[in-house]
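**Student:** As input, take target-v9.cif (mmCIF, C-alpha atoms):
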```
data_data
#
loop_
_atom_site.label_atom_id
_atom_site.label_comp_id
_atom_site.auth_asym_id
_atom_site.auth_seq_id
_atom_site.Cartn_x
_atom_site.Cartn_y
_atom_site.Cartn_z
CA MET A 1 108.15 122.92 81.19
CA ALA A 2 111.26 124.62 82.58
CA ALA A 3 112.68 123.03 85.71
CA ALA A 4 111.75 126.06 87.80
CA ASP A 5 108.10 125.73 86.78
CA LYS A 6 107.82 122.12 87.77
CA LEU A 7 105.74 121.17 90.75
CA ILE A 8 107.56 119.84 93.79
CA PRO A 9 106.94 116.10 94.10
CA THR A 10 105.23 114.91 97.26
CA ALA A 11 107.70 113.52 99.78
CA SER A 12 107.48 109.93 100.94
CA GLN A 13 106.58 109.17 104.57
CA THR A 14 106.75 105.89 106.46
CA VAL A 15 103.79 103.51 106.49
CA GLY A 16 104.27 103.33 110.27
CA PRO A 17 103.44 100.20 112.28
CA PHE A 18 99.65 100.24 111.90
CA PHE A 19 98.81 99.54 108.27
CA ALA A 20 97.74 95.90 108.23
CA PHE A 21 94.06 96.60 108.88
CA ALA A 22 93.96 98.73 105.76
CA LEU A 23 96.49 97.30 103.33
CA ASN A 24 96.48 93.54 103.83
CA ARG A 25 94.64 91.87 100.97
CA PRO A 26 95.02 88.09 101.12
CA GLU A 27 93.93 87.75 97.48
CA TRP A 28 96.92 89.85 96.40
CA THR A 29 99.39 87.26 97.73
CA ASP A 30 98.46 84.88 94.88
CA LEU A 31 99.15 86.39 91.46
CA THR A 32 98.05 83.23 89.64
CA GLU A 33 94.36 83.82 90.40
CA GLY A 34 94.14 80.36 91.91
CA GLY A 35 96.20 78.75 89.15
CA ALA A 36 94.42 80.36 86.19
CA ALA A 37 97.49 82.28 84.99
CA LYS A 38 99.59 80.74 82.24
CA GLY A 39 103.08 79.56 83.10
CA GLU A 40 104.94 77.69 85.81
CA THR A 41 103.56 78.38 89.27
CA ILE A 42 106.26 79.23 91.79
CA ARG A 43 106.33 80.24 95.43
CA ILE A 44 108.53 82.97 96.77
CA GLU A 45 109.18 83.39 100.45
CA GLY A 46 111.72 85.13 102.58
CA ARG A 47 112.44 86.77 105.89
CA ILE A 48 113.01 90.47 106.29
CA VAL A 49 115.54 91.25 109.02
CA ASP A 50 116.98 94.46 110.46
CA GLY A 51 120.55 95.43 111.35
CA ASP A 52 120.43 93.19 114.44
CA GLY A 53 119.15 90.23 112.45
CA ALA A 54 115.77 90.62 114.14
CA PRO A 55 112.70 89.77 112.04
CA VAL A 56 110.74 92.76 110.79
CA ARG A 57 107.13 91.94 111.52
CA ASP A 58 105.68 95.30 110.51
CA ALA A 59 106.60 95.29 106.84
CA PHE A 60 105.04 94.38 103.53
CA VAL A 61 106.41 93.75 100.08
CA GLU A 62 104.89 94.55 96.72
CA ILE A 63 105.99 92.83 93.55
CA TRP A 64 105.68 93.70 89.86
CA GLN A 65 106.60 91.33 87.06
CA ALA A 66 106.05 90.30 83.45
CA ASN A 67 103.84 87.36 82.52
CA ALA A 68 105.15 83.96 81.41
CA ALA A 69 105.59 85.22 77.85
CA GLY A 70 107.67 88.18 79.03
CA ARG A 71 105.09 90.95 78.65
CA TYR A 72 103.92 93.51 81.18
CA ALA A 73 100.20 94.13 81.60
CA HIS A 74 100.64 97.85 80.98
CA PRO A 75 99.95 100.07 77.95
CA GLU A 76 103.58 101.08 77.64
CA ASP A 77 104.60 97.50 76.89
CA ASP A 78 103.09 97.37 73.40
CA ARG A 79 104.99 94.38 71.99
CA GLU A 80 102.16 92.56 70.32
CA ASP A 81 104.31 89.54 69.47
CA LYS A 82 104.20 88.71 73.19
CA PRO A 83 100.69 87.76 74.32
CA LEU A 84 98.97 89.30 77.32
CA ASP A 85 97.43 86.85 79.79
CA PRO A 86 93.94 87.94 80.90
CA ASN A 87 94.48 86.00 84.15
CA PHE A 88 97.73 87.66 85.07
CA ARG A 89 98.09 91.28 86.20
CA GLY A 90 101.65 91.03 87.45
CA PHE A 91 101.12 92.80 90.77
CA GLY A 92 101.06 91.42 94.30
CA ARG A 93 101.37 92.48 97.93
CA ALA A 94 102.19 90.40 101.01
CA PRO A 95 102.74 91.32 104.67
CA THR A 96 105.37 89.80 106.91
CA GLY A 97 104.22 87.71 109.86
CA GLU A 98 105.50 87.64 113.44
CA ASP A 99 108.55 85.75 112.12
CA GLY A 100 109.31 88.44 109.53
CA VAL A 101 108.44 86.07 106.68
CA TYR A 102 106.40 87.03 103.60
CA ARG A 103 104.97 84.51 101.13
CA ILE A 104 103.79 84.98 97.56
CA VAL A 105 102.52 82.60 94.88
CA THR A 106 103.12 83.67 91.29
CA ILE A 107 104.37 82.38 87.94
CA ARG A 108 107.91 82.37 86.65
CA PRO A 109 108.27 85.57 84.60
CA GLY A 110 109.49 85.50 81.01
CA GLN A 111 112.39 87.58 79.76
CA VAL A 112 111.92 91.24 78.87
CA PRO A 113 114.20 93.63 77.00
CA GLY A 114 116.67 95.84 78.79
CA ARG A 115 118.15 99.04 77.43
CA GLY A 116 119.61 98.73 73.96
CA ASN A 117 119.61 95.20 72.62
CA ALA A 118 120.31 93.41 75.88
CA LEU A 119 117.75 90.91 77.13
CA GLN A 120 117.16 90.93 80.88
CA ALA A 121 117.17 87.69 82.83
CA PRO A 122 113.79 86.72 84.35
CA HIS A 123 113.27 88.97 87.35
CA ILE A 124 110.66 90.36 89.72
CA LEU A 125 110.69 93.91 91.03
CA VAL A 126 110.16 94.32 94.76
CA SER A 127 109.18 97.31 96.90
CA ILE A 128 109.61 97.04 100.68
CA PHE A 129 107.58 99.17 103.09
CA ALA A 130 107.93 99.17 106.88
CA ARG A 131 107.92 101.18 110.04
CA GLY A 132 111.28 102.94 110.05
CA LEU A 133 111.48 103.21 106.27
CA LEU A 134 110.78 106.85 105.48
CA LYS A 135 110.70 105.84 101.83
CA HIS A 136 110.27 102.36 100.45
CA LEU A 137 113.21 100.25 99.35
CA VAL A 138 113.45 98.75 95.88
CA THR A 139 115.20 95.53 94.89
CA ARG A 140 114.96 92.74 92.30
CA ILE A 141 114.54 88.98 92.59
CA TYR A 142 116.49 86.81 90.13
CA PHE A 143 116.42 83.01 90.01
CA GLU A 144 119.33 80.73 90.87
CA ASP A 145 118.44 78.23 88.12
CA GLU A 146 118.61 80.83 85.34
CA GLU A 147 122.40 80.83 85.26
CA ALA A 148 122.84 81.50 81.55
CA ALA A 149 120.39 84.41 81.49
CA ASN A 150 121.75 85.83 84.75
CA ALA A 151 125.28 85.80 83.35
CA THR A 152 124.35 88.34 80.67
CA ASP A 153 121.81 90.41 82.62
CA PRO A 154 122.79 94.10 82.41
CA VAL A 155 121.52 95.03 85.88
CA LEU A 156 123.26 92.11 87.62
CA ASN A 157 126.43 92.82 85.67
CA SER A 158 126.37 96.47 86.70
CA ILE A 159 127.06 95.34 90.29
CA GLU A 160 130.78 94.70 90.52
CA ASP A 161 130.89 93.22 94.01
CA LEU A 162 129.91 89.58 93.51
CA ALA A 163 128.81 89.20 97.13
CA VAL A 164 126.39 92.10 96.69
CA ARG A 165 125.19 90.75 93.33
CA LYS A 166 124.47 87.39 94.98
CA THR A 167 121.95 88.98 97.34
CA LEU A 168 119.59 89.33 94.36
CA ILE A 169 119.57 85.62 93.51
CA ALA A 170 116.74 83.60 95.03
CA ALA A 171 117.73 80.05 96.01
CA ARG A 172 115.56 77.20 94.77
CA ARG A 173 114.31 75.01 97.60
CA GLY A 174 112.62 72.31 95.50
CA SER A 175 109.05 71.26 95.93
CA GLY A 176 109.34 68.89 98.88
CA GLY A 177 109.46 65.10 98.75
CA ASP A 178 105.90 64.42 99.81
CA LYS A 179 104.31 66.39 97.03
CA PRO A 180 106.48 66.15 93.93
CA SER A 181 103.86 68.08 91.97
CA ALA A 182 103.93 71.07 94.35
CA PRO A 183 105.41 74.23 92.85
CA PRO A 184 109.05 75.03 93.57
CA THR A 185 109.81 77.51 96.31
CA TYR A 186 112.40 80.25 95.91
CA ARG A 187 113.89 81.74 99.05
CA PHE A 188 114.56 85.47 98.93
CA ASP A 189 115.55 86.92 102.29
CA ILE A 190 115.86 90.68 102.60
CA VAL A 191 118.54 92.08 104.90
CA LEU A 192 117.83 95.74 105.50
CA GLN A 193 121.18 96.55 107.06
CA GLY A 194 124.61 95.18 107.85
CA GLU A 195 126.39 92.00 106.85
CA ASN A 196 124.87 90.45 103.71
CA GLU A 197 122.79 93.58 103.24
CA THR A 198 120.51 93.20 100.23
CA ALA A 199 121.33 95.26 97.14
CA PHE A 200 118.78 98.08 96.89
CA PHE A 201 118.27 100.32 93.89
CA ASP A 202 117.83 104.02 93.36
CA LEU A 203 115.49 104.42 90.39
CA MET B 204 109.70 105.61 73.51
CA THR B 205 110.13 101.92 72.99
CA THR B 206 110.46 98.95 75.24
CA THR B 207 114.23 99.04 74.70
CA SER B 208 114.65 102.78 75.35
CA PRO B 209 111.82 103.87 77.66
CA GLN B 210 111.80 107.47 78.80
CA PRO B 211 112.75 107.32 82.48
CA TYR B 212 111.03 109.05 85.37
CA ALA B 213 112.89 112.06 86.74
CA HIS B 214 115.09 111.54 89.75
CA PRO B 215 113.88 113.44 92.82
CA ARG B 216 116.11 116.10 94.36
CA ASP B 217 117.74 114.64 97.48
CA ASP B 218 116.51 117.37 99.83
CA ARG B 219 112.91 116.91 98.71
CA GLN B 220 112.65 113.33 99.93
CA PRO B 221 113.57 111.98 103.37
CA PRO B 222 116.80 110.02 103.82
CA TYR B 223 116.76 106.39 104.91
CA LEU B 224 118.75 107.13 108.07
CA TYR B 225 117.25 109.88 110.21
CA PRO B 226 118.28 109.27 113.83
CA GLY B 227 115.60 111.60 115.19
CA TYR B 228 113.18 108.90 114.07
CA GLY B 229 114.58 106.01 116.10
CA SER B 230 113.12 103.21 113.99
CA THR B 231 115.36 104.20 111.06
CA VAL B 232 118.56 103.39 112.97
CA LYS B 233 118.44 99.60 112.58
CA ARG B 234 116.46 99.56 109.35
CA ALA B 235 118.27 102.01 107.09
CA PRO B 236 120.69 100.28 104.69
CA LYS B 237 124.38 101.13 105.25
CA ARG B 238 125.30 101.03 101.58
CA PRO B 239 123.93 103.75 99.32
CA PRO B 240 121.35 102.38 96.89
CA ILE B 241 122.66 101.42 93.45
CA ARG B 242 121.63 103.80 90.68
CA LEU B 243 119.64 101.82 88.11
CA ASP B 244 118.85 102.95 84.57
CA GLN B 245 115.10 102.44 84.28
CA THR B 246 113.99 99.69 81.90
CA ILE B 247 110.56 98.61 80.71
CA SER B 248 110.25 96.88 84.10
CA GLU B 249 110.40 100.14 86.05
CA VAL B 250 108.33 102.37 83.72
CA THR B 251 105.39 99.96 83.80
CA GLY B 252 103.26 99.13 86.83
CA PRO B 253 99.85 97.89 87.93
CA THR B 254 96.82 99.53 86.36
CA PHE B 255 93.49 100.11 88.06
CA SER B 256 89.98 101.15 87.20
CA SER B 257 87.11 102.32 89.37
CA GLY B 258 85.30 99.29 90.80
CA GLY B 259 87.88 97.00 89.21
CA TRP B 260 90.01 94.28 90.67
CA ALA B 261 91.11 96.44 93.61
CA GLY B 262 87.51 96.34 94.82
CA PRO B 263 84.77 98.94 95.18
CA ASP B 264 85.47 102.55 96.01
CA LEU B 265 85.31 103.39 99.72
CA ALA B 266 85.09 107.16 99.56
CA ASP B 267 82.87 107.65 102.61
CA LEU B 268 84.46 106.51 105.87
CA THR B 269 81.57 107.85 107.96
CA HIS B 270 78.91 105.38 106.83
CA GLN B 271 80.69 102.03 107.07
CA HIS B 272 78.90 100.96 110.26
CA LYS B 273 75.51 101.16 111.96
CA GLY B 274 76.07 104.60 113.39
CA GLU B 275 78.18 107.59 112.58
CA PRO B 276 81.69 107.92 114.01
CA LEU B 277 82.49 110.53 116.63
CA GLY B 278 84.66 113.42 115.58
CA GLU B 279 84.84 116.39 113.29
CA ARG B 280 83.49 115.49 109.83
CA ILE B 281 85.91 116.48 107.08
CA ILE B 282 86.06 116.33 103.31
CA ILE B 283 89.46 115.73 101.76
CA ALA B 284 89.71 116.38 98.05
CA GLY B 285 92.45 117.07 95.59
CA ARG B 286 94.19 115.97 92.46
CA VAL B 287 96.96 113.53 91.70
CA LEU B 288 99.34 115.22 89.27
CA ASP B 289 102.81 114.72 87.88
CA GLU B 290 105.57 117.31 88.17
CA ASP B 291 104.45 118.90 84.91
CA GLY B 292 100.95 119.41 86.27
CA ARG B 293 99.38 116.65 84.20
CA ALA B 294 96.52 114.70 85.73
CA VAL B 295 97.27 111.16 86.87
CA ALA B 296 93.98 109.47 85.99
CA ASN B 297 92.71 106.04 87.06
CA THR B 298 95.22 105.49 89.79
CA LEU B 299 94.43 103.74 93.06
CA LEU B 300 94.54 105.82 96.26
CA GLU B 301 94.39 103.91 99.51
CA LEU B 302 93.96 105.80 102.77
CA TRP B 303 94.12 104.81 106.41
CA GLN B 304 93.97 106.67 109.70
CA CYS B 305 93.21 106.50 113.41
CA ASN B 306 89.91 107.63 114.89
CA SER B 307 89.13 111.03 116.41
CA ALA B 308 90.53 109.91 119.76
CA GLY B 309 93.88 108.93 118.25
CA ARG B 310 93.43 105.14 118.23
CA TYR B 311 93.93 102.78 115.29
CA VAL B 312 91.87 99.66 114.63
CA HIS B 313 95.00 97.54 114.91
CA GLU B 314 95.68 94.88 117.51
CA TRP B 315 99.11 96.34 118.31
CA ASP B 316 97.82 99.82 119.03
CA GLN B 317 97.56 99.87 122.82
CA HIS B 318 97.14 103.63 123.24
CA ASP B 319 94.73 104.25 126.11
CA ALA B 320 92.09 105.98 124.02
CA PRO B 321 88.71 104.55 123.04
CA LEU B 322 88.01 102.61 119.90
CA ASP B 323 84.99 103.84 117.98
CA PRO B 324 82.67 101.00 116.93
CA ASN B 325 81.48 103.16 114.06
CA PHE B 326 84.88 103.88 112.56
CA THR B 327 87.42 101.67 110.84
CA GLY B 328 89.56 104.29 109.11
CA VAL B 329 90.07 102.63 105.72
CA GLY B 330 89.26 104.23 102.38
CA GLN B 331 90.11 103.81 98.74
CA VAL B 332 89.19 105.46 95.46
CA VAL B 333 90.45 105.47 91.90
CA THR B 334 91.14 108.95 90.52
CA ASP B 335 88.92 110.20 87.70
CA ALA B 336 90.02 111.41 84.26
CA GLN B 337 91.13 114.74 85.75
CA GLY B 338 93.13 112.99 88.47
CA GLU B 339 90.62 114.13 91.08
CA TYR B 340 89.56 112.31 94.23
CA ARG B 341 87.33 113.02 97.24
CA PHE B 342 86.90 111.40 100.65
CA LEU B 343 84.47 112.02 103.49
CA THR B 344 85.91 111.05 106.88
CA ILE B 345 86.51 112.41 110.37
CA LYS B 346 89.55 114.30 111.55
CA PRO B 347 92.05 111.89 113.14
CA GLY B 348 93.36 112.65 116.61
CA ALA B 349 96.98 113.13 117.64
CA TYR B 350 98.49 110.23 119.57
CA PRO B 351 101.57 109.51 121.67
CA TRP B 352 104.39 107.29 120.46
CA ARG B 353 107.54 106.01 122.09
CA ASN B 354 110.10 107.63 119.82
CA THR B 355 111.19 109.96 122.63
CA HIS B 356 109.70 110.86 126.01
CA ASN B 357 106.30 112.53 125.66
CA ALA B 358 106.38 112.47 121.88
CA TRP B 359 103.11 112.96 119.96
CA ARG B 360 102.41 112.39 116.30
CA PRO B 361 100.59 115.29 114.67
CA ALA B 362 97.16 114.40 113.28
CA HIS B 363 97.75 112.70 109.95
CA ILE B 364 96.20 110.48 107.32
CA HIS B 365 98.25 107.88 105.44
CA PHE B 366 97.94 107.89 101.64
CA SER B 367 99.17 105.17 99.29
CA VAL B 368 99.31 106.05 95.58
CA PHE B 369 100.49 104.03 92.60
CA GLY B 370 100.72 106.37 89.62
CA PRO B 371 101.46 105.06 86.13
CA ALA B 372 104.60 103.04 86.88
CA PHE B 373 106.52 100.99 89.43
CA ALA B 374 108.86 104.01 89.60
CA THR B 375 106.07 106.40 90.66
CA ARG B 376 104.90 104.41 93.70
CA LEU B 377 104.42 106.63 96.74
CA VAL B 378 103.25 106.23 100.32
CA THR B 379 102.98 109.46 102.26
CA GLN B 380 101.11 111.19 105.09
CA MET B 381 98.80 114.19 104.93
CA TYR B 382 98.86 116.70 107.78
CA PHE B 383 96.61 119.55 108.89
CA PRO B 384 97.47 123.26 108.70
CA GLY B 385 98.51 125.07 111.86
CA ASP B 386 99.30 121.94 113.86
CA PRO B 387 101.87 122.86 116.55
CA LEU B 388 103.13 119.26 116.62
CA LEU B 389 104.54 119.52 113.08
CA ALA B 390 107.57 121.48 114.24
CA LEU B 391 108.39 118.71 116.74
CA ASP B 392 107.68 115.67 114.58
CA PRO B 393 110.79 113.92 113.20
CA ILE B 394 108.83 112.04 110.53
CA PHE B 395 107.49 115.28 109.10
CA GLN B 396 110.82 117.08 109.63
CA SER B 397 112.86 114.33 107.93
CA THR B 398 112.45 116.02 104.54
CA ALA B 399 115.03 118.82 104.47
CA ASP B 400 113.41 121.23 102.03
CA GLU B 401 110.73 123.39 103.65
CA ALA B 402 108.67 123.78 100.47
CA ALA B 403 108.67 120.01 100.00
CA ARG B 404 107.58 119.52 103.62
CA ASN B 405 104.78 122.01 103.20
CA ARG B 406 103.37 119.97 100.30
CA LEU B 407 102.45 117.38 102.95
CA VAL B 408 100.22 119.88 104.77
CA SER B 409 96.66 120.10 103.47
CA ALA B 410 95.01 123.50 103.01
CA TYR B 411 91.73 124.50 104.58
CA ASP B 412 89.39 125.31 101.68
CA PRO B 413 86.11 127.09 102.56
CA ASN B 414 84.79 126.32 99.08
CA LEU B 415 85.17 122.64 99.79
CA SER B 416 83.42 122.82 103.16
CA GLU B 417 79.74 121.95 103.22
CA ALA B 418 77.58 124.30 105.29
CA GLU B 419 76.46 122.84 108.60
CA TYR B 420 78.01 119.49 107.65
CA ALA B 421 81.77 119.15 107.11
CA LEU B 422 85.04 121.08 106.88
CA GLY B 423 86.96 120.88 103.60
CA TYR B 424 90.69 120.32 103.20
CA ARG B 425 92.52 120.25 99.88
CA PHE B 426 95.46 117.92 99.38
CA ASP B 427 97.11 117.54 95.99
CA ILE B 428 99.62 114.75 95.47
CA VAL B 429 102.45 115.24 92.97
CA LEU B 430 104.19 112.17 91.57
CA ARG B 431 107.47 112.01 89.69
CA GLY B 432 107.19 113.07 86.07
CA ARG B 433 109.22 111.96 83.08
CA ALA B 434 112.78 113.21 82.79
CA ALA B 435 113.13 116.21 80.48
CA THR B 436 115.25 114.42 77.93
CA PRO B 437 115.23 110.74 77.09
CA PHE B 438 118.02 108.78 78.65
CA GLU B 439 121.03 108.26 76.36
CA ARG B 440 123.56 105.57 77.01
CA SER B 441 127.09 106.90 76.83
CA ALA B 442 128.55 103.61 75.63
#
```
Please, can you express the file's structure as structure tokens?
**Tutor:**
Amino acid sequence: MAAADKLIPTASQTVGPFFAFALNRPEWTDLTEGGAAKGETIRIEGRIVDGDGAPVRDAFVEIWQANAAGRYAHPEDDREDKPLDPNFRGFGRAPTGEDGVYRIVTIRPGQVPGRGNALQAPHILVSIFARGLLKHLVTRIYFEDEEAANATDPVLNSIEDLAVRKTLIAARRGSGGDKPSAPPTYRFDIVLQGENETAFFDL
Amino acid sequence: MTTTSPQPYAHPRDDRQPPYLYPGYGSTVKRAPKRPPIRLDQTISEVTGPTFSSGGWAGPDLADLTHQHKGEPLGERIIIAGRVLDEDGRAVANTLLELWQCNSAGRYVHEWDQHDAPLDPNFTGVGQVVTDAQGEYRFLTIKPGAYPWRNTHNAWRPAHIHFSVFGPAFATRLVTQMYFPGDPLLALDPIFQSTADEAARNRLVSAYDPNLSEAEYALGYRFDIVLRGRAATPFERSA
């Protein structure tokens, strides 16, 4: 179809402040289906703050990721050497609370291919929606303890400013002394604006 | 198309989407990033996304918002129907549409909404459906009211319904608002006006469709949603 014949895409509009009664789905904050998914269970939590450092309490995040074997539950990922996990869909959604913090339970994603022959480091895609965001923001979560994989990741390496690159690395907080068997928590704060502003992507 | 060279989704024209910073909408001022977003070549991660089926893991369809309680909600009954398409006019089948809105008096079922207008015990304002093989969807609801907001003195949001759509990929995710034709508040609404291109703005306005109306029952409005399509030519790395 010639460019002139194409339909105009629908413009994005903000979710506004009043979405929780419709979009909050507690079951979507745990991607492991109560531990049924294969792989290492991890927790991800972080605070979303605005340009004044104030917590953003009317936001939600959505995440999309590969399973533990590094395969997406989607027809376009047809690599049959990587198994699908019937208990892992790869999608989640979590609102922020009064303190601006969101919390998600998932599994550590496996590695997936990048463009060409490069392998991407384990990562999770994130969309951020909030009052005041006329279109959602997109970022990626990488893991601090995947140093070797991170060092060769094509997306991380495309960001020349190391301070900006660092905003995509979630810090491991351990599992807490009382419960050594509890899953590790990764902290991924999202700074919408200003100093230490998170790196956002234009897809 | 392979997992190592997926065909990317086309980049939207800048004037057909709102900017992050739009001072007329005050809430953007402290929330819009200062740095421009980093252009990312789409990988298998971005061209895949959650999949849905009718009655599947997203839960049952809620296509009728007028029979979710003991009685019927107050307000003008309306049917909203349309298709989810890509830029090339192809149907986007089996995609989840979530919808939310205020009641006919302009009040949301949300604890923070303190607008002095009545709640309606017979209306929640939440719907969802999965599009069929032709990308079609249909809701029965009531027309939402306009309501005041504190963006500027005596500011009123035009009547609108929020739509959330996934499409086939992470890259096609869209949340938008549907408006009603002929609403005088549209010209004054910074959220609606934030998209520069007039034709793109007008895509957000539903069309009254007498063929969709049901005699002595409900008014019909058509609202098609167009998601990003694939880029015309597959991405080639210059290196």
**Student:** Could you tell me which residues the PyMOL selection byres ((chain B) within 6 of (chain A)) returns for this structure, as an MDAnalysis selection string?
**Tutor:** chainID B and resid 207:208 220 230:231 233:234 236:237 240:243 246 251 253 290:291 329 378:380 428:430
**Student:** To one decimal place, how far is CA of Gly285 (chain B) from CA of Tyr382 (chain B) in Å?
**Tutor:** 13.8 Å
**Student:** Of the residues B:Pro221, B:Pro324, B:Gly385, B:Pro351, which is the one nearest to Thr269 (chain B), using only C-alpha atoms?
**Tutor:**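 Closest to Thr269 (chain B), using only C-alpha atoms: B:Pro324.
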**Student:** I'd like the residues picked by the PyMOL selection byres ((chain B and resi 427) around 8) written out as an MDAnalysis selection string, using the chain letters and numbers from the file.
**Tutor:** chainID B and resid 284:288 406 409 425:426 428:429
**Student:** What residues have an atom no more than 8 Å from (103.9, 93.3, 102.6) in the file's own frame, counting all atoms listed in the file, and can you write them as an NGL selection string?
**Tutor:** :A and (24 or 59-62 or 93-96 or 102 or 128-129)
**Student:** Could you check how far CA of Gly259 (chain B) sits from CA of Gly46 (chain A), in Å to one decimal?
**Tutor:** 29.8 Å
**Student:** Quick check on the file I pasted: which residues fall under the PyMOL selection byres ((chain B and resi 307) around 9)? Write them as a PyMOL selection string.
**Tutor:** chain B and resi 276-279+305-306+308-310+323+345-349
**Student:** Just the number, please: distance in Å from CA of Phe395 (chain B) to CA of Met381 (chain B), one decimal.
**Tutor:**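 According to the coordinates, CA of Phe395 (chain B) and CA of Met381 (chain B) are separated by 9.7 Å.
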**Student:** Which residues, written as a VMD selection string, have at least one atom at most 12 Å from Glu147 (chain A), with all atoms listed in the file counted and residues fewer than 2 positions away on the same chain left out?
**Tutor:** chain A and resid 121 to 122 142 to 145 149 to 153 156 166 169 to 171
**Student:** For the selection you just gave me, I'd like the residues written to a file as a compact mmCIF listing (two decimals), in the coordinates of the input, keeping C-alpha atoms.
**Tutor:**
```txt
# COMPACT_ATOMS: atom_id res chain seq x y z
CA ALA A 121 117.17 87.69 82.83
CA PRO A 122 113.79 86.72 84.35
CA TYR A 142 116.49 86.81 90.13
CA PHE A 143 116.42 83.01 90.01
CA GLU A 144 119.33 80.73 90.87
CA ASP A 145 118.44 78.23 88.12
CA ALA A 149 120.39 84.41 81.49
CA ASN A 150 121.75 85.83 84.75
CA ALA A 151 125.28 85.80 83.35
CA THR A 152 124.35 88.34 80.67
CA ASP A 153 121.81 90.41 82.62
CA LEU A 156 123.26 92.11 87.62
CA LYS A 166 124.47 87.39 94.98
CA ILE A 169 119.57 85.62 93.51
CA ALA A 170 116.74 83.60 95.03
CA ALA A 171 117.73 80.05 96.01
```
**Student:** For a quick check of understanding, using only C-alpha atoms, which of B:Ala266, B:Ala296, B:Ala261, B:Val312 has the smallest distance to Pro371 (chain B)?
**Tutor:**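 Residue with the minimum atom-to-atom distance to Pro371 (chain B): B:Ala296.
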**Student:** Can you list, as a ChimeraX atom specification, every protein, DNA or RNA residue that comes within 8 Å of Asp99 (chain A) when you count all atoms listed in the file, leaving out same-chain residues fewer than 5 positions away?
**Tutor:** /A:47,55-57
